[in-house]
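Printed here is upload.txt (compact mmCIF, C-alpha atoms and all ligand atoms):
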# COMPACT_ATOMS: atom_id res chain seq x y z
CA MET A 1 -4.72 30.57 -6.25
CA ILE A 2 -5.67 28.05 -3.55
CA HIS A 3 -2.74 25.90 -2.58
CA ILE A 4 -1.51 23.72 0.26
CA GLU A 5 2.06 23.03 1.31
CA ILE A 6 2.91 19.86 3.22
CA GLN A 7 6.13 18.33 4.46
CA THR A 8 7.47 15.90 1.82
CA PRO A 9 5.36 12.72 2.04
CA ASP A 10 6.23 9.00 1.86
CA ASP A 11 4.31 6.08 0.37
CA TRP A 12 4.15 3.31 2.98
CA HIS A 13 3.01 0.56 0.55
CA LEU A 14 3.57 0.12 -3.16
CA HIS A 15 4.64 -2.27 -5.92
CA PHE A 16 7.50 -1.18 -8.17
CA ARG A 17 7.78 -4.54 -9.99
CA ASP A 18 11.13 -5.21 -11.68
CA GLY A 19 13.14 -5.00 -14.90
CA ASP A 20 12.12 -2.38 -17.47
CA MET A 21 9.01 -1.51 -15.46
CA LEU A 22 11.24 0.15 -12.82
CA ASN A 23 12.04 3.10 -15.08
CA GLU A 24 8.34 3.91 -15.17
CA THR A 25 7.33 3.15 -11.59
CA VAL A 26 10.28 4.61 -9.66
CA SER A 27 10.07 7.97 -11.50
CA ALA A 28 6.31 8.20 -11.05
CA THR A 29 6.66 7.74 -7.28
CA ALA A 30 9.82 9.84 -6.87
CA ARG A 31 8.04 12.87 -8.39
CA CYS A 32 6.50 13.57 -4.97
CA PHE A 33 7.45 10.90 -2.42
CA LYS A 34 10.84 10.79 -0.67
CA ARG A 35 10.59 7.18 0.49
CA ALA A 36 8.42 4.16 -0.18
CA ILE A 37 7.90 0.76 1.37
CA VAL A 38 8.51 -1.58 -1.56
CA MET A 39 6.48 -4.79 -1.68
CA PRO A 40 8.43 -8.03 -2.29
CA ASN A 41 5.91 -9.99 -4.42
CA LEU A 42 8.16 -10.32 -7.46
CA VAL A 43 8.58 -13.48 -9.53
CA PRO A 44 10.41 -15.11 -7.79
CA PRO A 45 9.55 -13.38 -4.51
CA VAL A 46 12.15 -11.50 -2.45
CA THR A 47 12.74 -14.04 0.30
CA ASN A 48 16.27 -13.41 1.60
CA ALA A 49 18.76 -10.65 2.38
CA LYS A 50 20.72 -11.12 -0.84
CA MET A 51 17.59 -10.75 -2.97
CA VAL A 52 16.59 -7.67 -0.96
CA GLU A 53 19.97 -6.03 -1.52
CA GLU A 54 19.99 -6.78 -5.24
CA TYR A 55 16.42 -5.54 -5.70
CA ARG A 56 17.22 -2.37 -3.75
CA GLN A 57 20.16 -1.70 -6.06
CA ARG A 58 18.02 -2.16 -9.19
CA ILE A 59 15.54 0.39 -7.78
CA LEU A 60 18.33 2.86 -6.97
CA ASP A 61 19.69 2.45 -10.51
CA ALA A 62 16.25 3.26 -11.95
CA ARG A 63 15.95 6.61 -10.14
CA PRO A 64 15.71 9.65 -12.35
CA GLU A 65 18.84 11.82 -12.64
CA GLY A 66 19.50 13.74 -9.43
CA SER A 67 16.75 12.01 -7.42
CA ASP A 68 17.39 11.30 -3.74
CA PHE A 69 14.42 8.91 -3.51
CA GLU A 70 14.98 6.15 -0.93
CA PRO A 71 13.40 2.69 -1.26
CA LEU A 72 12.59 0.97 2.05
CA MET A 73 12.83 -2.74 1.51
CA THR A 74 10.68 -5.65 2.69
CA LEU A 75 11.11 -9.41 2.94
CA TYR A 76 8.48 -11.86 1.64
CA LEU A 77 7.55 -14.38 4.33
CA THR A 78 7.04 -18.05 3.49
CA ASN A 79 6.78 -21.16 5.63
CA GLU A 80 10.48 -21.71 4.85
CA THR A 81 11.55 -18.35 6.34
CA THR A 82 13.98 -18.89 9.24
CA SER A 83 15.05 -16.72 12.17
CA GLU A 84 18.44 -16.46 10.44
CA ASP A 85 16.70 -15.00 7.37
CA ILE A 86 15.11 -12.35 9.59
CA ILE A 87 18.41 -11.47 11.27
CA ALA A 88 20.30 -11.30 7.96
CA ALA A 89 17.58 -9.21 6.34
CA LYS A 90 17.55 -6.82 9.29
CA GLN A 91 21.33 -6.45 9.07
CA ALA A 92 20.94 -5.67 5.35
CA GLY A 93 18.66 -2.75 6.26
CA THR A 94 15.30 -4.42 5.58
CA VAL A 95 12.70 -2.57 7.61
CA ALA A 96 9.76 -4.96 7.45
CA ALA A 97 8.54 -8.40 6.39
CA LYS A 98 5.32 -8.97 4.49
CA LEU A 99 2.80 -11.62 5.32
CA TYR A 100 0.67 -12.75 2.40
CA PRO A 101 -1.67 -15.64 3.10
CA ALA A 102 -0.99 -18.05 0.20
CA GLY A 103 -3.27 -17.29 -2.73
CA ALA A 104 -4.54 -13.98 -1.34
CA THR A 105 -3.29 -11.85 -4.22
CA THR A 106 -0.79 -11.31 -7.07
CA ASN A 107 2.26 -13.60 -6.78
CA SER A 108 1.31 -14.98 -3.39
CA ASP A 109 1.22 -18.68 -4.24
CA ALA A 110 4.61 -19.23 -2.57
CA ALA A 111 3.55 -17.36 0.57
CA VAL A 112 2.26 -18.46 3.96
CA LYS A 113 0.15 -21.62 4.04
CA SER A 114 0.35 -22.24 7.76
CA LEU A 115 0.14 -19.08 9.81
CA ASP A 116 0.68 -20.75 13.17
CA ALA A 117 3.99 -22.23 12.02
CA LEU A 118 5.23 -18.67 11.53
CA PHE A 119 4.71 -17.55 15.12
CA PRO A 120 8.39 -18.18 16.08
CA ILE A 121 9.37 -15.93 13.17
CA PHE A 122 7.07 -13.18 14.46
CA GLY A 123 8.87 -13.59 17.80
CA GLU A 124 12.23 -13.06 16.10
CA MET A 125 10.89 -10.01 14.27
CA GLN A 126 9.69 -8.61 17.58
CA ASN A 127 13.22 -9.12 19.01
CA GLN A 128 14.86 -7.55 15.97
CA GLY A 129 12.51 -4.57 15.77
CA MET A 130 11.39 -5.53 12.28
CA LEU A 131 7.84 -4.52 11.38
CA LEU A 132 5.21 -7.04 10.25
CA LEU A 133 3.11 -5.90 7.28
CA ILE A 134 -0.05 -7.91 6.77
CA HIS A 135 -2.29 -8.56 3.79
CA GLY A 136 -5.26 -9.30 5.99
CA GLU A 137 -7.59 -11.65 4.14
CA VAL A 138 -8.38 -15.31 4.59
CA THR A 139 -8.35 -17.35 1.40
CA ASP A 140 -10.77 -20.21 2.07
CA ASN A 141 -12.99 -20.90 -0.92
CA HIS A 142 -16.13 -20.97 1.17
CA ILE A 143 -15.56 -17.49 2.64
CA ASP A 144 -17.22 -14.79 0.56
CA ILE A 145 -14.68 -12.40 -0.96
CA PHE A 146 -16.38 -9.41 0.71
CA ASP A 147 -16.02 -11.03 4.16
CA ARG A 148 -12.40 -12.10 3.92
CA GLU A 149 -10.88 -9.12 5.73
CA LYS A 150 -13.23 -9.33 8.69
CA GLU A 151 -12.68 -13.09 8.89
CA PHE A 152 -8.90 -12.54 8.97
CA ILE A 153 -9.28 -10.11 11.88
CA ASP A 154 -11.44 -12.49 13.88
CA ARG A 155 -9.49 -15.62 13.12
CA ASN A 156 -5.87 -14.43 12.93
CA LEU A 157 -5.06 -10.79 13.53
CA THR A 158 -6.51 -10.69 17.03
CA ARG A 159 -4.30 -13.64 18.00
CA ILE A 160 -1.13 -12.21 16.44
CA VAL A 161 -1.59 -8.84 18.13
CA SER A 162 -2.18 -10.35 21.55
CA ALA A 163 0.72 -12.83 21.24
CA PHE A 164 3.21 -10.13 20.16
CA PRO A 165 2.32 -6.87 21.90
CA GLU A 166 5.75 -5.34 21.15
CA LEU A 167 5.70 -6.24 17.46
CA LYS A 168 4.85 -3.29 15.23
CA ILE A 169 2.15 -4.41 12.83
CA VAL A 170 0.76 -2.57 9.82
CA PHE A 171 -2.61 -3.84 8.66
CA GLU A 172 -2.17 -3.00 4.99
CA HIS A 173 -4.69 -1.41 2.62
CA ILE A 174 -7.67 -1.75 4.95
CA THR A 175 -11.09 -1.75 3.35
CA THR A 176 -13.74 -2.21 6.05
CA LYS A 177 -15.29 -0.53 9.07
CA ASP A 178 -14.32 -3.70 10.95
CA ALA A 179 -10.65 -3.02 10.21
CA VAL A 180 -10.95 0.63 11.22
CA ASP A 181 -12.58 -0.33 14.51
CA PHE A 182 -10.00 -3.04 15.16
CA VAL A 183 -7.04 -0.72 14.62
CA VAL A 184 -8.56 2.08 16.70
CA ALA A 185 -9.11 -0.32 19.61
CA ALA A 186 -5.74 -2.10 19.34
CA ASN A 187 -2.55 -1.14 21.17
CA ASP A 188 -0.29 1.59 19.79
CA ASN A 189 1.90 -0.92 17.95
CA VAL A 190 -0.90 -1.54 15.44
CA ALA A 191 -1.48 0.84 12.53
CA ALA A 192 -2.99 0.72 9.03
CA THR A 193 -2.44 2.04 5.54
CA ILE A 194 -5.29 3.26 3.34
CA THR A 195 -5.24 3.50 -0.47
CA PRO A 196 -6.74 6.24 -2.64
CA GLN A 197 -9.08 3.79 -4.34
CA HIS A 198 -10.65 2.63 -1.07
CA LEU A 199 -11.28 6.25 -0.06
CA LEU A 200 -12.68 7.27 -3.45
CA LEU A 201 -14.67 4.21 -4.50
CA ASN A 202 -16.95 1.44 -3.36
CA ARG A 203 -18.07 -1.79 -5.02
CA ASN A 204 -20.64 0.02 -7.17
CA ASP A 205 -17.68 1.62 -8.94
CA LEU A 206 -16.47 -1.86 -9.77
CA LEU A 207 -19.74 -3.44 -10.91
CA VAL A 208 -22.57 -1.01 -11.76
CA GLY A 209 -23.10 -0.51 -15.49
CA GLY A 210 -20.42 -3.04 -16.42
CA VAL A 211 -17.31 -4.56 -14.89
CA ARG A 212 -14.56 -1.99 -14.50
CA PRO A 213 -11.31 -3.92 -14.42
CA HIS A 214 -9.17 -0.88 -13.64
CA ASN A 215 -10.99 -0.50 -10.32
CA TYR A 216 -10.31 -4.12 -9.42
CA CYS A 217 -7.81 -4.53 -6.62
CA LEU A 218 -7.38 -6.72 -3.57
CA PRO A 219 -8.77 -6.53 -1.01
CA VAL A 220 -11.72 -5.85 -3.29
CA LEU A 221 -13.72 -2.61 -2.97
CA LYS A 222 -16.47 -2.97 -0.37
CA ARG A 223 -19.96 -1.51 0.13
CA ASN A 224 -20.29 2.21 0.74
CA ILE A 225 -20.66 2.04 4.54
CA HIS A 226 -17.09 0.73 4.63
CA GLN A 227 -15.84 3.46 2.31
CA GLN A 228 -17.51 5.98 4.63
CA ALA A 229 -15.77 4.51 7.67
CA LEU A 230 -12.38 4.90 5.97
CA ARG A 231 -13.17 8.49 5.00
CA GLU A 232 -14.36 9.31 8.51
CA ILE A 233 -11.27 7.95 10.22
CA VAL A 234 -8.78 9.81 8.02
CA ALA A 235 -10.75 13.03 8.60
CA THR A 236 -10.18 12.69 12.36
CA GLY A 237 -6.39 12.83 11.94
CA ASN A 238 -5.94 9.61 13.97
CA LYS A 239 -2.19 8.88 13.93
CA LYS A 240 -2.62 5.13 13.46
CA PHE A 241 -3.71 5.62 9.86
CA PHE A 242 -1.37 6.67 7.08
CA LEU A 243 -0.79 6.84 3.36
CA GLY A 244 -0.04 3.65 1.43
CA THR A 245 -1.09 3.82 -2.20
CA ASP A 246 -0.76 0.12 -3.06
CA SER A 247 0.11 1.42 -6.51
CA ALA A 248 0.31 -1.87 -8.43
CA PRO A 249 0.82 -1.72 -12.20
CA HIS A 250 -0.31 -4.42 -14.59
CA GLU A 251 -0.15 -4.03 -18.35
CA LYS A 252 -3.47 -3.12 -19.98
CA ASN A 253 -4.04 -6.54 -21.56
CA LYS A 254 -3.59 -8.23 -18.17
CA LYS A 255 -6.30 -6.05 -16.63
CA GLU A 256 -8.74 -6.11 -19.56
CA SER A 257 -8.88 -9.87 -19.67
CA ALA A 258 -11.24 -12.78 -18.99
CA CYS A 259 -9.29 -13.25 -15.74
CA GLY A 260 -7.99 -9.78 -14.99
CA CYS A 261 -5.18 -9.00 -12.53
CA ALA A 262 -5.82 -7.12 -9.29
CA GLY A 263 -4.15 -3.76 -8.83
CA CYS A 264 -4.59 -0.04 -9.49
CA TYR A 265 -1.59 1.89 -10.83
CA SER A 266 -2.07 5.12 -8.92
CA ALA A 267 1.44 6.59 -8.74
CA TRP A 268 0.62 9.20 -11.39
CA SER A 269 -2.15 10.78 -9.35
CA ALA A 270 -2.15 9.37 -5.80
CA ILE A 271 -1.04 12.41 -3.81
CA GLU A 272 -3.41 14.60 -5.83
CA LEU A 273 -6.36 12.23 -5.31
CA TYR A 274 -5.72 11.94 -1.58
CA THR A 275 -5.70 15.75 -1.45
CA GLN A 276 -9.01 15.81 -3.31
CA VAL A 277 -10.51 13.41 -0.75
CA PHE A 278 -9.29 15.41 2.26
CA ASP A 279 -10.65 18.56 0.60
CA GLU A 280 -14.05 16.91 0.03
CA LEU A 281 -14.02 15.94 3.70
CA GLY A 282 -13.22 19.49 4.82
CA ALA A 283 -10.08 18.03 6.41
CA LEU A 284 -7.20 19.48 4.39
CA ASP A 285 -5.51 20.30 7.70
CA LYS A 286 -5.23 16.55 8.34
CA LEU A 287 -3.56 15.68 5.02
CA GLU A 288 -0.01 16.39 6.20
CA GLY A 289 -0.28 14.07 9.21
CA PHE A 290 -1.67 11.26 7.06
CA ALA A 291 0.79 11.71 4.19
CA SER A 292 3.97 12.91 5.87
CA HIS A 293 4.01 12.32 9.64
CA HIS A 294 2.09 9.30 10.93
CA GLY A 295 3.91 6.69 8.84
CA ALA A 296 7.42 7.94 9.61
CA ASP A 297 6.57 8.22 13.29
CA PHE A 298 5.15 4.69 13.40
CA TYR A 299 8.16 3.22 11.59
CA GLY A 300 10.49 5.13 13.95
CA LEU A 301 12.09 7.00 11.04
CA PRO A 302 12.76 10.73 10.82
CA ARG A 303 10.18 12.89 9.08
CA ASN A 304 11.37 14.24 5.73
CA GLU A 305 12.90 17.60 5.17
CA GLY A 306 11.46 19.81 2.46
CA THR A 307 7.92 20.34 1.30
CA ILE A 308 5.67 19.79 -1.68
CA THR A 309 2.92 22.12 -2.84
CA LEU A 310 -0.46 21.16 -4.26
CA VAL A 311 -2.54 23.68 -6.16
CA LYS A 312 -6.32 23.58 -6.59
CA GLU A 313 -6.40 23.23 -10.36
CA ASP A 314 -8.21 20.83 -12.70
CA TRP A 315 -6.26 18.37 -14.81
CA THR A 316 -7.05 15.10 -16.55
CA ILE A 317 -5.29 11.89 -15.61
CA PRO A 318 -3.82 10.30 -18.79
CA GLU A 319 -5.79 7.56 -20.59
CA GLN A 320 -2.70 5.40 -20.76
CA ILE A 321 1.03 5.30 -20.23
CA ILE A 322 3.31 3.55 -22.70
CA LEU A 323 6.07 1.44 -21.19
CA SER A 324 9.55 1.19 -22.76
CA ASN A 325 8.52 -2.20 -24.21
CA GLY A 326 5.73 -0.41 -26.11
CA ASN A 327 2.93 -1.90 -24.00
CA PRO A 328 0.32 0.36 -22.41
CA ILE A 329 -0.74 0.61 -18.78
CA VAL A 330 -4.03 2.26 -17.86
CA PRO A 331 -3.42 4.37 -14.75
CA PHE A 332 -5.92 4.63 -11.92
CA PHE A 333 -8.65 7.22 -12.66
CA ALA A 334 -7.58 7.31 -16.33
CA GLY A 335 -9.28 10.06 -18.33
CA GLN A 336 -10.96 11.45 -15.21
CA ASN A 337 -10.65 14.88 -13.69
CA CYS A 338 -8.63 15.57 -10.59
CA ASN A 339 -9.00 18.98 -8.99
CA TRP A 340 -5.67 19.15 -7.17
CA LYS A 341 -2.35 19.28 -8.96
CA LEU A 342 1.22 18.83 -7.76
CA LYS A 343 3.23 22.01 -8.34
CA VAL A 344 6.52 21.04 -9.97
O1 LIG A 401 -4.65 -5.16 -5.87
C1 LIG A 401 -3.60 -5.63 -5.48
N1 LIG A 401 -2.52 -5.71 -6.30
N2 LIG A 401 -3.53 -6.07 -4.23
C2 LIG A 401 -2.45 -6.72 -3.78
O2 LIG A 401 -2.47 -7.14 -2.66
C3 LIG A 401 -1.30 -6.98 -4.67
C4 LIG A 401 -1.24 -6.07 -5.80
C5 LIG A 401 -0.33 -6.53 -6.91
O3 LIG A 401 0.80 -6.93 -6.62
O4 LIG A 401 -0.72 -6.46 -8.07
ZN ZN A 402 0.08 -4.21 -2.17
For this file, write the structure as structure tokens.
Amino acid sequence: MIHIEIQTPDDWHLHFRDGDMLNETVSATARCFKRAIVMPNLVPPVTNAKMVEEYRQRILDARPEGSDFEPLMTLYLTNETTSEDIIAAKQAGTVAAKLYPAGATTNSDAAVKSLDALFPIFGEMQNQGMLLLIHGEVTDNHIDIFDREKEFIDRNLTRIVSAFPELKIVFEHITTKDAVDFVVAANDNVAATITPQHLLLNRNDLLVGGVRPHNYCLPVLKRNIHQQALREIVATGNKKFFLGTDSAPHEKNKKESACGCAGCYSAWSAIELYTQVFDELGALDKLEGFASHHGADFYGLPRNEGTITLVKEDWTIPEQIILSNGNPIVPFFAGQNCNWKLKV
């Protein structure tokens, strides 16, 4: 039997949500990941140390029996965030703060309207050793949705990186060749996460033959040359790029709607699908770095002990998952074949 063993991986970007949903999402991630960077875009958003601590406790309480899964918490930046908020959050163990341009994605209306006004906060984060995680898209109506990542690089990211050379920045869920090239050329304090959907799919998978709402996420899938650039960079083993699923559940009726939510719920199959991609690329030897080493090293955290094993074996991703409230969620790649399986 063909199999691969890798050091226990982490997920450096996901959405657990809150309330009853936590029983579903925390277990699905803890089945293979030891740690995860937990996004703060709840309703209301997680904007101070107290909210971070309370949310962390709710996640810990939702862990399956015997699990040693560790959530790594983040703070949601707004134009009201103060230096004191950064210091208090850091003291409460928060590892990073998340920059959402207002209106860029799910629950981002309260987020950052004036980026320049936040520069003193970035300075405090640099002093405190708190990472800055960026949803890198501009939100202007007149900028085409497919160009919003590149526009953010040109207009904003370049300036932030040069103003704060000691600030560790993760350019989250990158989707374009422009982002790959930017991160490769930037200093060593700039890295990026890449999702399974942006490695597996391009915009044809969203739009050809009908709109496929379960492939709709933000930043939106791009044309295939961008998908190729993402696949090529992970195959090189470049240490600036690491695993961040952006697993982001929405109930089925919120996705299959006249105005469907953005997000792919990939926790049920993410490590398996990444393995499939690295196998397709002939780069299985680079999977462990991407999934288990580069992120921990960049965050300055120890690599995990233990290992997981993946076996080359076909299985079908479930059509849907029923939440404790009885409502279904359609997972990413629902009903499709995956040719790598986590050995449990
Ligand atoms: O597709 C996405 N879903 N992208 C994001 O940036 C947010 C996420 C969510 O929270 O649903
Ligand atoms: Zn996200």
Quiz item: How many Å lie between CA of Asn41 in chain A and CA of Arg231 in chain A, rounded to one decimal?
Solution: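 One can read the CA of Asn41 in chain A to CA of Arg231 in chain A distance as 28.2 Å.
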Quiz item: Could you state the separation of CA of Gly282 in chain A and CA of Leu200 in chain A in Å, given to one decimal place?
Solution: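 Straight-line distance from CA of Gly282 in chain A to CA of Leu200 in chain A works out to 14.8 Å.
Residues of protein, DNA or RNA lying at most 9 Å from ligand ZN 402 (chain A), when all atoms listed in the file are considered, are His13, Leu14, His15, Val38, Met39, Asn41, Thr105, Thr106, His135, Glu172, His173, Leu218, Gly244, Thr245, Asp246, Ser247, Ala248 and Gly263 of chain A.
For the set A:His250, A:Lys177, A:Arg148, A:Lys34, the residue with the smallest atom-to-atom gap to ligand LIG 401 (chain A) is A:His250, counting all atoms listed in the file.
Computed from the coordinates, the CA of Phe171 in chain A to CA of Leu301 in chain A distance equals 18.4 Å.
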Quiz item: Which is closest to Phe152 in chain A among A:Asp178, A:Asp85, A:Glu251, A:Glu24, if we use all atoms listed in the file?
Solution: A:Asp178
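With only C-alpha atoms taken into account, every residue lying no more than 10 Å from the file point (8.9, -16.5, -5.2) is included here: A:Pro40, A:Asn41, A:Leu42, A:Val43, A:Pro44, A:Pro45, A:Val46, A:Thr47, A:Tyr76, A:Leu77, A:Thr78, A:Asn107, A:Ser108, A:Asp109, A:Ala110, A:Ala111.
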Quiz item: Can you list, as a VMD selection string, every protein, DNA or RNA residue that comes within 7 Å of Ala334 in chain A when you count only C-alpha atoms, leaving out same-chain residues fewer than 2 positions away?
Solution: chain A and resid 317 to 320 330 to 332 336
